[in-house]
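Pasting protein.txt here (compact mmCIF, C-alpha atoms):
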```txt
# COMPACT_ATOMS: atom_id res chain seq x y z
CA MET A 1047 -68.88 42.35 28.19
CA LYS A 1048 -67.02 45.41 26.91
CA LYS A 1049 -64.49 44.99 29.70
CA LEU A 1050 -64.01 41.35 28.78
CA ILE A 1051 -63.36 42.20 25.14
CA ALA A 1052 -60.93 44.96 26.18
CA ILE A 1053 -58.99 42.57 28.48
CA PHE A 1054 -58.89 39.95 25.73
CA GLY A 1055 -57.54 42.53 23.26
CA ILE A 1056 -54.84 43.65 25.71
CA VAL A 1057 -53.76 40.05 26.33
CA LEU A 1058 -53.71 39.39 22.61
CA ALA A 1059 -51.59 42.50 21.96
CA MET A 1060 -49.14 41.51 24.68
CA SER A 1061 -48.75 38.00 23.36
CA ALA A 1062 -48.19 39.37 19.85
CA CYS A 1063 -45.32 41.55 21.10
CA SER A 1064 -43.57 38.61 22.78
CA ASN A 1065 -43.30 36.68 19.42
CA ALA A 1066 -40.64 39.11 18.22
CA LYS A 1067 -38.50 38.25 21.24
CA LYS A 1068 -38.97 34.54 20.58
CA GLU A 1069 -38.05 34.98 16.94
CA GLU A 1070 -34.94 36.93 17.91
CA ALA A 1071 -33.93 34.19 20.37
CA ILE A 1072 -34.45 31.52 17.69
CA ARG A 1073 -32.38 33.55 15.23
CA GLN A 1074 -29.55 34.00 17.77
CA ALA A 1075 -29.60 30.26 18.52
CA ALA A 1076 -29.35 29.50 14.79
CA ILE A 1077 -26.39 31.88 14.44
CA LYS A 1078 -24.67 30.26 17.41
CA ALA A 1079 -25.27 26.78 16.00
CA THR A 1080 -23.83 27.85 12.65
CA ARG A 1081 -20.71 29.25 14.30
CA ASP A 1082 -20.27 26.08 16.32
CA SER A 1083 -20.63 23.91 13.22
CA MET A 1084 -18.01 26.05 11.47
CA ARG A 1085 -15.62 25.39 14.33
CA VAL A 1086 -16.35 21.67 14.14
CA ASP A 1087 -15.78 21.74 10.40
CA SER A 1088 -12.43 23.42 10.87
CA PHE A 1089 -11.48 20.77 13.43
CA LYS A 1090 -12.52 18.05 11.00
CA LYS A 1091 -10.48 19.67 8.23
CA ALA A 1092 -7.47 19.78 10.54
CA GLU A 1093 -7.92 16.09 11.43
CA VAL A 1094 -8.16 15.11 7.76
CA ALA A 1095 -5.04 17.13 6.94
CA GLN A 1096 -3.21 15.49 9.84
CA LYS A 1097 -4.21 12.01 8.62
CA GLU A 1098 -3.06 12.83 5.08
CA LEU A 1099 0.27 14.03 6.44
CA ALA A 1100 0.68 10.82 8.43
CA VAL A 1101 -0.08 8.71 5.33
CA GLN A 1102 2.43 10.72 3.29
CA GLN A 1103 5.13 10.30 5.95
CA GLU A 1104 4.39 6.56 6.07
CA LYS A 1105 4.81 6.31 2.29
CA GLU A 1106 8.10 8.21 2.44
CA ALA A 1107 9.36 5.90 5.19
CA GLU A 1108 8.41 2.85 3.10
CA GLU A 1109 10.21 4.28 0.06
CA LYS A 1110 13.32 4.91 2.16
CA ARG A 1111 13.18 1.34 3.50
CA ILE A 1112 12.86 -0.09 -0.02
CA LEU A 1113 15.76 2.07 -1.22
CA MET A 1114 17.96 0.91 1.66
CA LEU A 1115 17.08 -2.73 0.98
CA SER A 1116 17.87 -2.38 -2.72
CA GLU A 1117 21.20 -0.71 -1.89
CA ALA A 1118 22.01 -3.52 0.54
CA ARG A 1119 21.21 -6.13 -2.10
CA ALA A 1120 23.35 -4.30 -4.64
CA ALA A 1121 26.21 -4.20 -2.15
CA GLU A 1122 25.87 -7.95 -1.53
CA ASN A 1123 25.98 -8.71 -5.24
CA ALA A 1124 28.86 -6.34 -6.02
CA PRO A 1125 32.33 -7.88 -6.18
CA ALA A 1126 34.44 -7.28 -3.08
CA ALA A 1127 38.06 -6.25 -3.42
CA ARG A 1128 40.54 -7.99 -1.13
CA MET A 1129 44.23 -7.75 -0.65
CA ALA A 1130 46.04 -10.89 -1.81
CA GLY A 1131 48.58 -10.69 0.98
CA THR A 1132 51.28 -8.55 2.50
CA SER A 1133 54.02 -9.74 0.17
CA SER A 1134 52.20 -8.83 -3.06
CA SER A 1135 50.39 -5.58 -3.68
CA THR A 1136 47.85 -6.92 -6.17
CA THR A 1137 44.17 -7.08 -5.37
CA THR A 1138 41.81 -9.90 -6.19
CA THR A 1139 38.12 -9.65 -6.66
CA THR A 1140 35.74 -12.31 -5.51
CA THR A 1141 32.08 -12.59 -6.27
CA LYS A 1142 29.62 -13.93 -3.81
CA LYS A 1143 28.46 -17.34 -4.90
CA LYS A 1144 24.71 -17.68 -5.14
CA LYS A 1145 23.24 -20.54 -3.20
CA GLY A 1146 20.71 -23.01 -4.47
CA TRP A 1147 19.82 -24.29 -7.88
CA SER A 1148 19.52 -22.06 -10.88
CA SER A 1149 16.19 -21.90 -12.64
CA ALA A 1150 17.73 -23.65 -15.65
CA ALA A 1151 18.86 -26.63 -13.56
CA LEU A 1152 15.58 -26.83 -11.71
CA GLY A 1153 13.62 -26.58 -14.97
CA THR A 1154 15.71 -29.36 -16.48
CA VAL A 1155 15.04 -31.73 -13.58
CA ILE A 1156 11.33 -30.97 -13.42
CA GLY A 1157 10.97 -31.18 -17.19
CA ALA A 1158 12.81 -34.52 -17.33
CA GLY A 1159 10.63 -35.99 -14.60
CA ALA A 1160 7.38 -34.77 -16.08
CA GLY A 1161 8.41 -35.75 -19.62
CA GLY A 1162 9.52 -39.22 -18.50
CA LEU A 1163 6.25 -39.83 -16.69
CA GLY A 1164 4.20 -38.53 -19.60
CA GLY A 1165 6.17 -40.59 -22.14
CA ALA A 1166 5.77 -43.75 -20.08
CA LEU A 1167 2.01 -43.23 -19.85
CA ILE A 1168 1.55 -42.44 -23.54
CA ASP A 1169 3.84 -44.99 -25.26
CA LYS A 1170 3.08 -48.72 -25.19
CA LYS A 1171 6.72 -49.56 -24.62
CA LYS A 1172 7.25 -47.91 -21.24
CA GLY A 1173 11.07 -47.64 -21.35
CA ARG A 1174 11.29 -46.06 -24.78
CA GLY A 1175 8.50 -43.55 -24.08
CA ALA A 1176 10.02 -42.57 -20.74
CA ILE A 1177 13.42 -41.91 -22.31
CA ILE A 1178 12.05 -39.89 -25.21
CA GLY A 1179 9.69 -37.91 -22.95
CA GLY A 1180 12.44 -37.31 -20.38
CA VAL A 1181 14.85 -35.92 -22.96
CA ALA A 1182 12.19 -33.72 -24.54
CA GLY A 1183 10.97 -32.49 -21.12
CA ALA A 1184 14.51 -31.79 -19.95
CA GLY A 1185 15.21 -29.69 -23.03
CA ALA A 1186 12.02 -27.70 -22.66
CA GLY A 1187 12.56 -27.22 -18.91
CA TYR A 1188 16.12 -26.01 -19.51
CA LEU A 1189 15.01 -23.43 -22.05
CA ILE A 1190 12.27 -22.10 -19.79
CA GLY A 1191 14.59 -22.00 -16.75
CA ARG A 1192 17.37 -20.30 -18.73
CA GLY A 1193 14.92 -17.57 -19.73
CA GLN A 1194 14.03 -17.03 -16.07
CA ASP A 1195 17.71 -16.88 -15.15
CA LYS A 1196 18.28 -14.17 -17.76
CA LYS A 1197 15.37 -12.14 -16.36
CA THR A 1198 16.67 -12.32 -12.80
CA GLY A 1199 20.25 -11.58 -13.84
CA ARG A 1200 21.73 -14.88 -12.74
CA ALA A 1201 22.73 -15.80 -16.31
CA GLN A 1202 23.95 -13.37 -18.93
```
Kindly present the structure from the file in structure tokens form.
Amino acid sequence: MKKLIAIFGIVLAMSACSNAKKEEAIRQAAIKATRDSMRVDSFKKAEVAQKELAVQQEKEAEEKRILMLSEARAAENAPAARMAGTSSSTTTTTTKKKKGWSSAALGTVIGAGAGGLGGALIDKKKGRGAIIGGVAGAGAGYLIGRGQDKKTGRAQ
């Protein structure tokens, strides 16, 4: 029995010594995992910085495009100087004519139509109500359209 207890004690002592090696291996694995995660974090930081740079370059390109478009529009709207001919040395300036209806004209037509329809529906005498409503609507539509023309620079 004494031998059995002695063998059991030796086995127990040996197994107790091996725990330090296991703990050291676990600690080394934790250190390695931490270093690897630091590398991954640095890669992630680099990816985020690269994405931010790409977004910034995209914004700059968009700003340049908008600037070029606004310059092109300004050049279209600016008066062009032309030579009148070879016999005379004077120059004439021409402005590019804007196409389409102005907001004032469009407002007048829409206002007259809506006012005429409204006047005809409201007044018992259809003709008189349509005329009064059309005139009032045309006036209001013109004023609103003229205000829009002033905002856009078409009218001064």
- Message: Between A:Arg1200, A:Lys1170, A:Lys1097, A:Arg1119, which residue has the minimum interatomic distance to Ser1148 in chain A, considering all atoms listed in the file?
- Response: A:Arg1200
- In Å, with one decimal, what is the gap from CA of Leu1167 in chain A to CA of Thr1154 in chain A? 19.8 Å
- Query: What is the distance between CA of Ile1177 in chain A and CA of Ala1158 in chain A, in Å to one decimal?
  - Reply: 8.9 Å
- Message: I'd like the interatomic distance between CA of Gly1164 in chain A and CA of Ala1186 in chain A, to a tenth of an Å.
- Response: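 Pair CA of Gly1164 in chain A / CA of Ala1186 in chain A returns 13.7 Å.
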- Message: Counting all atoms listed in the file, which residue out of A:Lys1105, A:Arg1174, A:Lys1078, A:Arg1192 sits closest to Ala1151 in chain A?
- Response: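 Among A:Lys1105, A:Arg1174, A:Lys1078, A:Arg1192, it is A:Arg1192 that comes nearest to Ala1151 in chain A.
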Edge lengths and centre, in Å to one decimal, as AutoDock Vina command-line options: that's what I need for the box along x, y and z that holds all listed atoms of range 1154-1162 of chain A plus 3 Å on each side.
```
--center_x 11.5 --center_y -34.3 --center_z -16.5 --size_x 14.3 --size_y 15.9 --size_z 12.2
```
- Message: So, with only C-alpha atoms as the atoms that count, which of A:Leu1189, A:Gly1165, A:Glu1093, A:Ala1100 lies closest to Leu1152 in chain A?
- Response: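 Counting only C-alpha atoms, the residue closest to Leu1152 in chain A is A:Leu1189.
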